[in-house]
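J.: Hey, dropping coords00.tsv in here, TSV, C-alpha atoms and all ligand atoms:
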chain	number	residue	atom	x	y	z
I	1	MET	CA	16.36	-53.02	24.81
I	2	THR	CA	16.10	-54.41	28.31
I	3	THR	CA	12.75	-52.83	29.08
I	4	SER	CA	9.61	-54.81	29.79
I	5	SER	CA	7.19	-55.32	26.95
I	6	PRO	CA	4.66	-52.53	27.34
I	7	ASN	CA	1.86	-54.76	26.15
I	8	ALA	CA	2.67	-57.63	28.49
I	9	LYS	CA	-0.34	-59.00	30.36
I	10	GLU	CA	1.19	-58.07	33.70
I	11	PRO	CA	2.82	-54.68	33.37
I	12	ARG	CA	5.71	-53.64	35.58
I	13	CYS	CA	5.86	-50.11	36.95
I	14	PRO	CA	8.66	-48.10	35.28
I	15	VAL	CA	8.86	-45.84	38.32
I	16	CYS	CA	9.27	-48.38	41.15
I	17	SER	CA	9.42	-51.75	39.34
I	18	GLY	CA	6.34	-52.85	41.28
I	19	SER	CA	3.90	-55.26	39.69
I	20	ALA	CA	0.77	-54.68	41.79
I	21	MET	CA	-1.67	-52.55	39.79
I	22	ALA	CA	-5.20	-51.31	40.41
I	23	PRO	CA	-7.71	-50.13	37.78
I	24	TYR	CA	-7.66	-46.32	37.71
I	25	GLY	CA	-10.28	-45.33	35.14
I	26	ASP	CA	-11.26	-45.39	31.49
I	27	LYS	CA	-11.46	-42.61	28.94
I	28	ASP	CA	-12.30	-42.62	25.23
I	29	GLY	CA	-11.87	-46.39	25.03
I	30	TYR	CA	-8.50	-46.46	26.81
I	31	SER	CA	-8.00	-48.06	30.22
I	32	PHE	CA	-5.64	-46.73	32.88
I	33	LEU	CA	-3.93	-48.48	35.78
I	34	SER	CA	-2.37	-47.08	38.90
I	35	CYS	CA	0.67	-48.65	40.58
I	36	SER	CA	-0.33	-49.83	44.05
I	37	ASP	CA	3.15	-49.09	45.39
I	38	CYS	CA	3.95	-45.60	44.04
I	39	GLY	CA	0.70	-44.29	42.51
I	40	TYR	CA	2.03	-43.85	38.97
I	41	VAL	CA	-0.89	-43.67	36.49
I	42	PHE	CA	-0.59	-45.06	32.98
I	43	CYS	CA	-2.56	-46.33	30.03
I	44	HIS	CA	-2.70	-50.11	29.68
I	45	PRO	CA	-2.77	-51.77	27.23
I	46	ARG	CA	-0.69	-49.24	25.32
I	47	PRO	CA	-1.45	-47.77	21.92
I	48	SER	CA	1.26	-49.09	19.56
I	49	GLN	CA	4.30	-46.90	18.87
I	50	GLN	CA	3.37	-46.91	15.21
I	51	ALA	CA	-0.11	-45.59	16.02
I	52	LEU	CA	1.45	-42.88	18.22
I	53	ASP	CA	4.07	-41.91	15.64
I	54	GLU	CA	1.40	-41.61	12.97
I	55	MET	CA	-0.80	-39.56	15.29
I	56	HIS	CA	2.04	-37.16	16.15
I	57	ALA	CA	3.13	-36.78	12.52
I	58	GLU	CA	-0.51	-36.33	11.50
I	59	GLN	CA	-1.03	-33.58	14.06
I	60	GLY	CA	1.87	-31.63	12.64
I	61	GLY	CA	0.46	-32.08	9.17
I	62	SER	CA	-3.07	-31.14	10.16
I	63	ASP	CA	-1.80	-27.94	11.79
I	64	GLY	CA	-0.46	-26.96	8.37
I	65	ILE	CA	3.16	-26.81	9.55
I	66	ARG	CA	5.63	-26.50	6.68
I	67	ALA	CA	9.07	-24.99	6.09
I	68	ASP	CA	7.65	-21.46	5.79
I	69	TYR	CA	4.73	-21.67	8.21
I	70	TYR	CA	4.21	-22.61	11.87
I	71	PRO	CA	1.05	-21.67	13.81
I	72	LYS	CA	1.61	-18.79	16.26
I	73	ALA	CA	5.28	-18.65	15.30
I	74	PRO	CA	6.00	-15.13	16.64
I	75	SER	CA	4.69	-15.90	20.13
I	76	ARG	CA	6.38	-19.32	20.13
I	77	ALA	CA	9.68	-17.70	19.17
I	78	ARG	CA	9.31	-15.08	21.89
I	79	ARG	CA	8.45	-17.72	24.51
I	80	GLY	CA	11.26	-19.99	23.29
I	81	LEU	CA	13.80	-17.22	23.74
I	82	MET	CA	12.42	-16.36	27.18
I	83	ASN	CA	12.42	-19.98	28.33
I	84	ALA	CA	15.97	-20.46	27.04
I	85	PHE	CA	17.30	-17.41	28.89
I	86	LYS	CA	15.63	-18.55	32.13
I	87	LEU	CA	17.92	-21.59	31.87
I	88	VAL	CA	21.01	-19.69	30.73
I	89	ARG	CA	23.13	-20.79	33.69
I	90	TYR	CA	22.72	-24.43	32.58
I	91	VAL	CA	22.93	-23.67	28.85
I	92	PHE	CA	25.94	-21.35	28.74
I	93	GLY	CA	28.88	-22.94	26.93
I	94	GLN	CA	27.21	-26.36	26.74
I	95	ARG	CA	26.22	-28.67	23.94
I	96	VAL	CA	22.43	-28.71	24.46
I	97	LEU	CA	19.49	-30.72	23.12
I	98	ASP	CA	15.76	-30.05	22.97
I	99	LEU	CA	14.21	-33.52	22.90
I	100	GLY	CA	10.85	-32.98	21.17
I	101	CYS	CA	11.79	-29.59	19.73
I	102	GLY	CA	8.86	-28.93	17.35
I	103	GLY	CA	9.70	-25.90	15.21
I	104	GLY	CA	13.00	-25.28	17.01
I	105	PHE	CA	11.90	-22.15	18.87
I	106	VAL	CA	13.61	-23.12	22.13
I	107	VAL	CA	16.66	-24.48	20.28
I	108	GLY	CA	17.07	-21.10	18.60
I	109	GLY	CA	16.73	-19.54	22.05
I	110	PHE	CA	19.47	-21.79	23.44
I	111	LYS	CA	21.87	-20.73	20.70
I	112	ARG	CA	21.19	-17.10	21.61
I	113	ALA	CA	21.56	-17.99	25.31
I	114	PHE	CA	25.17	-18.89	24.58
I	115	ALA	CA	24.94	-22.64	24.03
I	116	ARG	CA	28.13	-23.90	22.40
I	117	GLU	CA	25.97	-26.03	20.11
I	118	ALA	CA	22.15	-26.20	20.04
I	119	VAL	CA	20.51	-29.35	18.73
I	120	GLY	CA	16.84	-30.29	18.29
I	121	LEU	CA	15.23	-33.68	17.74
I	122	ASP	CA	11.61	-34.23	16.76
I	123	ILE	CA	9.50	-36.87	15.09
I	124	ASN	CA	7.53	-34.38	12.97
I	125	PRO	CA	9.24	-33.83	9.58
I	126	ASN	CA	7.27	-30.64	8.85
I	127	ALA	CA	8.30	-29.11	12.17
I	128	ILE	CA	11.94	-30.01	11.50
I	129	GLU	CA	11.77	-28.44	8.04
I	130	TYR	CA	10.51	-25.25	9.65
I	131	ALA	CA	13.23	-25.38	12.30
I	132	ARG	CA	16.00	-25.87	9.72
I	133	ALA	CA	14.67	-23.00	7.61
I	134	HIS	CA	14.51	-20.58	10.54
I	135	TYR	CA	17.40	-21.51	12.82
I	136	SER	CA	20.26	-22.21	10.44
I	137	ASP	CA	22.87	-21.82	13.20
I	138	CYS	CA	21.39	-24.87	15.01
I	139	THR	CA	21.31	-28.57	14.17
I	140	PHE	CA	18.06	-30.51	13.76
I	141	HIS	CA	17.38	-34.22	13.52
I	142	CYS	CA	14.12	-35.87	12.53
I	143	GLY	CA	13.17	-39.33	13.77
I	144	THR	CA	12.28	-41.52	16.72
I	145	LEU	CA	14.45	-42.20	19.76
I	146	ASP	CA	15.26	-45.59	18.24
I	147	ASP	CA	16.69	-43.82	15.20
I	148	PHE	CA	19.16	-41.89	17.36
I	149	LYS	CA	20.13	-44.24	20.18
I	150	GLY	CA	23.55	-45.85	20.30
I	151	GLY	CA	25.54	-42.61	20.37
I	152	ARG	CA	24.35	-41.30	17.03
I	153	ILE	CA	23.84	-37.74	18.27
I	154	GLY	CA	26.61	-37.69	20.88
I	155	THR	CA	26.21	-36.53	24.46
I	156	PHE	CA	25.01	-33.27	25.96
I	157	GLY	CA	25.66	-31.07	28.97
I	158	PHE	CA	22.05	-29.91	29.08
I	159	VAL	CA	18.85	-31.56	27.82
I	160	TYR	CA	15.44	-29.88	27.68
I	161	SER	CA	12.32	-31.99	27.12
I	162	SER	CA	9.03	-30.16	27.51
I	163	GLU	CA	5.65	-31.93	27.40
I	164	VAL	CA	7.07	-35.10	25.89
I	165	ILE	CA	7.23	-37.80	28.57
I	166	GLU	CA	3.42	-37.97	28.94
I	167	HIS	CA	3.25	-38.95	25.25
I	168	VAL	CA	5.90	-41.65	24.88
I	169	GLU	CA	4.90	-45.26	24.33
I	170	ASN	CA	7.80	-46.69	26.34
I	171	VAL	CA	8.83	-44.59	29.33
I	172	GLU	CA	11.81	-46.82	30.13
I	173	ALA	CA	13.14	-46.47	26.56
I	174	TYR	CA	12.78	-42.68	26.88
I	175	MET	CA	14.68	-42.71	30.19
I	176	ASN	CA	17.38	-45.02	28.83
I	177	PHE	CA	17.82	-42.60	25.94
I	178	LEU	CA	18.10	-39.63	28.32
I	179	ALA	CA	20.64	-41.50	30.44
I	180	GLU	CA	22.65	-42.42	27.35
I	181	ILE	CA	22.87	-38.90	25.89
I	182	THR	CA	23.67	-37.02	29.12
I	183	GLN	CA	27.24	-36.48	30.29
I	184	PRO	CA	28.01	-37.02	33.99
I	185	GLY	CA	26.89	-33.85	35.77
I	186	ALA	CA	24.63	-32.81	32.88
I	187	VAL	CA	21.35	-31.09	33.76
I	188	VAL	CA	17.95	-32.17	32.45
I	189	PHE	CA	14.93	-29.86	32.47
I	190	ILE	CA	11.64	-31.69	32.08
I	191	THR	CA	8.05	-30.51	32.04
I	192	THR	CA	4.84	-32.57	32.07
I	193	PRO	CA	1.28	-32.05	33.35
I	194	ASP	CA	1.05	-32.52	37.15
I	195	ILE	CA	-1.63	-35.05	38.00
I	196	ALA	CA	-1.54	-33.77	41.59
I	197	GLY	CA	-1.91	-30.15	40.46
I	198	GLU	CA	-4.56	-27.79	41.85
I	199	GLN	CA	-6.31	-27.58	38.48
I	200	VAL	CA	-6.99	-31.32	38.26
I	201	PRO	CA	-10.70	-32.03	38.90
I	202	ASP	CA	-11.87	-34.48	41.60
I	203	VAL	CA	-12.74	-36.95	38.85
I	204	VAL	CA	-9.27	-37.05	37.30
I	205	THR	CA	-10.46	-38.56	34.01
I	206	ASP	CA	-12.51	-35.36	33.48
I	207	TRP	CA	-9.24	-33.37	33.34
I	208	ASP	CA	-8.77	-31.86	29.87
I	209	LEU	CA	-5.15	-33.05	29.84
I	210	PHE	CA	-6.28	-36.62	30.59
I	211	SER	CA	-6.41	-37.19	26.86
I	212	PRO	CA	-5.45	-40.62	25.50
I	213	PRO	CA	-3.99	-41.60	23.13
I	214	LEU	CA	-2.18	-38.22	23.15
I	215	HIS	CA	-1.30	-38.33	26.87
I	216	ILE	CA	-0.85	-41.88	28.12
I	217	GLN	CA	0.92	-41.49	31.47
I	218	PHE	CA	0.78	-38.99	34.27
I	219	PHE	CA	3.26	-37.96	36.95
I	220	ASN	CA	3.33	-36.05	40.18
I	221	GLU	CA	6.49	-34.67	41.77
I	222	ASP	CA	7.11	-37.89	43.68
I	223	THR	CA	6.71	-40.35	40.78
I	224	LEU	CA	8.72	-38.18	38.37
I	225	THR	CA	11.51	-37.86	40.92
I	226	ARG	CA	11.55	-41.60	41.65
I	227	LEU	CA	11.69	-42.36	37.93
I	228	PHE	CA	14.69	-40.07	37.38
I	229	VAL	CA	16.50	-41.39	40.44
I	230	ARG	CA	16.05	-44.93	39.14
I	231	PHE	CA	17.79	-43.94	35.89
I	232	GLY	CA	20.78	-42.26	37.53
I	233	PHE	CA	19.70	-38.67	38.14
I	234	THR	CA	19.46	-36.55	41.30
I	235	PRO	CA	16.75	-33.91	41.68
I	236	ILE	CA	17.99	-30.30	41.75
I	237	LYS	CA	14.67	-28.53	42.25
I	238	ARG	CA	11.10	-28.07	41.12
I	239	VAL	CA	10.55	-24.90	39.12
I	240	PRO	CA	7.27	-23.07	39.96
I	241	ASP	CA	4.68	-22.92	37.16
I	242	ARG	CA	2.88	-19.78	38.39
I	243	GLY	CA	-0.51	-21.43	38.89
I	244	GLY	CA	-0.26	-23.46	35.67
I	245	PRO	CA	-0.85	-27.22	35.46
I	246	GLY	CA	2.81	-27.95	34.88
I	247	LEU	CA	5.28	-30.11	36.71
I	248	LYS	CA	8.66	-28.56	35.86
I	249	MET	CA	11.76	-30.13	37.32
I	250	LEU	CA	15.54	-29.99	37.02
I	251	PHE	CA	17.67	-33.09	37.52
I	252	ARG	CA	21.40	-33.68	37.44
I	253	LYS	CA	22.97	-36.77	35.93
I	254	ASP	CA	25.01	-38.62	38.51
I	255	ALA	CA	28.75	-38.74	37.97
I	301	ZN	ZN	5.19	-47.94	40.96
Output the structure of this file as structure tokens.

T.:
Amino acid sequence: MTTSSPNAKEPRCPVCSGSAMAPYGDKDGYSFLSCSDCGYVFCHPRPSQQALDEMHAEQGGSDGIRADYYPKAPSRARRGLMNAFKLVRYVFGQRVLDLGCGGGFVVGGFKRAFAREAVGLDINPNAIEYARAHYSDCTFHCGTLDDFKGGRIGTFGFVYSSEVIEHVENVEAYMNFLAEITQPGAVVFITTPDIAGEQVPDVVTDWDLFSPPLHIQFFNEDTLTRLFVRFGFTPIKRVPDRGGPGLKMLFRKDA
């Protein structure tokens, strides 16, 4: 990997490559910095990937997810189908991936929204067991991005990644992975909490979504766009979140 070491003493901004940082705030024993050039906010030093992987796997386990049970499955399935059909123009006839697919609800939706092939990838083995048991016409992979880089899952015409980027230990590795698995002209739909959203309190660290080590970096429309442009994507549009805290954006992979 050509990315900077996330635990280096002097971090480099993954959005603008700047190296001037200002203290942003502390929460629950974690410190955050803000890039002086672009305003990107991130946890530094980082929790280790191993700690994060264990936390994410643990969460699945502690929710009681197993092959025959997923909390609130009916409403998740309904929402997954609805979200998939909202994106049908990008999904239709494509090989599509949900990066961070959980129980596969959106993947199942993509298959029904006329994806040629619908694939899900998640780190949580219980969630993947559930997905495989319930969406047998889709393909599911369990593991980290490292497990699947290097062309091991092929390339896609559409990639969906909802509420994932704020969790990842290495944002540049995540973006390199996205760039590697997207065909030229492919569309990426990404959602993450909007740190510039109306619902964010004046003291940002009081925000309920400001929750390390679960959420360890925060974007606004500008920083998310700059990040994607840096990795070879062009913004298509921001999708409204109807008063919610979400930053939802569509990007197209450059040819
Ligand atoms: Zn920056």

J.: Which residues of chain I have any atom within 7 Å of an atom in ligand ZN 301 (chain I) when counting all atoms listed in the file, and what is the closest pair of atoms for each, with the distance in Å to one decimal? Order the rows by chain and rising number and write it as a tab-separated table.

T.:
residue	atom	partner	partner_atom	distance
I:Cys13	CA	I:ZN301	ZN	4.6
I:Pro14	CA	I:ZN301	ZN	6.7
I:Val15	CA	I:ZN301	ZN	5.0
I:Cys16	CA	I:ZN301	ZN	4.1
I:Ser17	CA	I:ZN301	ZN	5.9
I:Gly18	CA	I:ZN301	ZN	5.1
I:Cys35	CA	I:ZN301	ZN	4.6
I:Ser36	CA	I:ZN301	ZN	6.6
I:Asp37	CA	I:ZN301	ZN	5.0
I:Cys38	CA	I:ZN301	ZN	4.1
I:Gly39	CA	I:ZN301	ZN	6.0
I:Tyr40	CA	I:ZN301	ZN	5.5

J.: Looking at only C-alpha atoms, which of I:Pro240, I:Pro125, I:Pro184, I:Gly151 is the one that sits closest to I:Asp53?

T.: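 Looking only at the distances to I:Asp53, the closest residue turns out to be I:Pro125.
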
J.: Find the distance between atom CA of I:Ala20 and atom CA of I:Ile165 and write it in Å to one decimal.

T.: 22.4 Å

J.: Suppose you want the space between atom CA of I:Glu117 and atom CA of I:Gly64; what is it in Å?

T.: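 Going from atom CA of I:Glu117 over to atom CA of I:Gly64 covers 28.9 Å.
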
J.: With distances taken over all atoms listed in the file, which residue among I:Thr234, I:Val41, I:Thr139, I:Thr144 lies nearest I:Asp194?

T.: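 Checking each candidate against I:Asp194, we get I:Val41 as the closest.
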
J.: Could you check how far atom CA of I:Ile195 sits from atom CA of I:Phe32, in Å to one decimal?

T.: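 Separating atom CA of I:Ile195 from atom CA of I:Phe32 is a distance of 13.4 Å.
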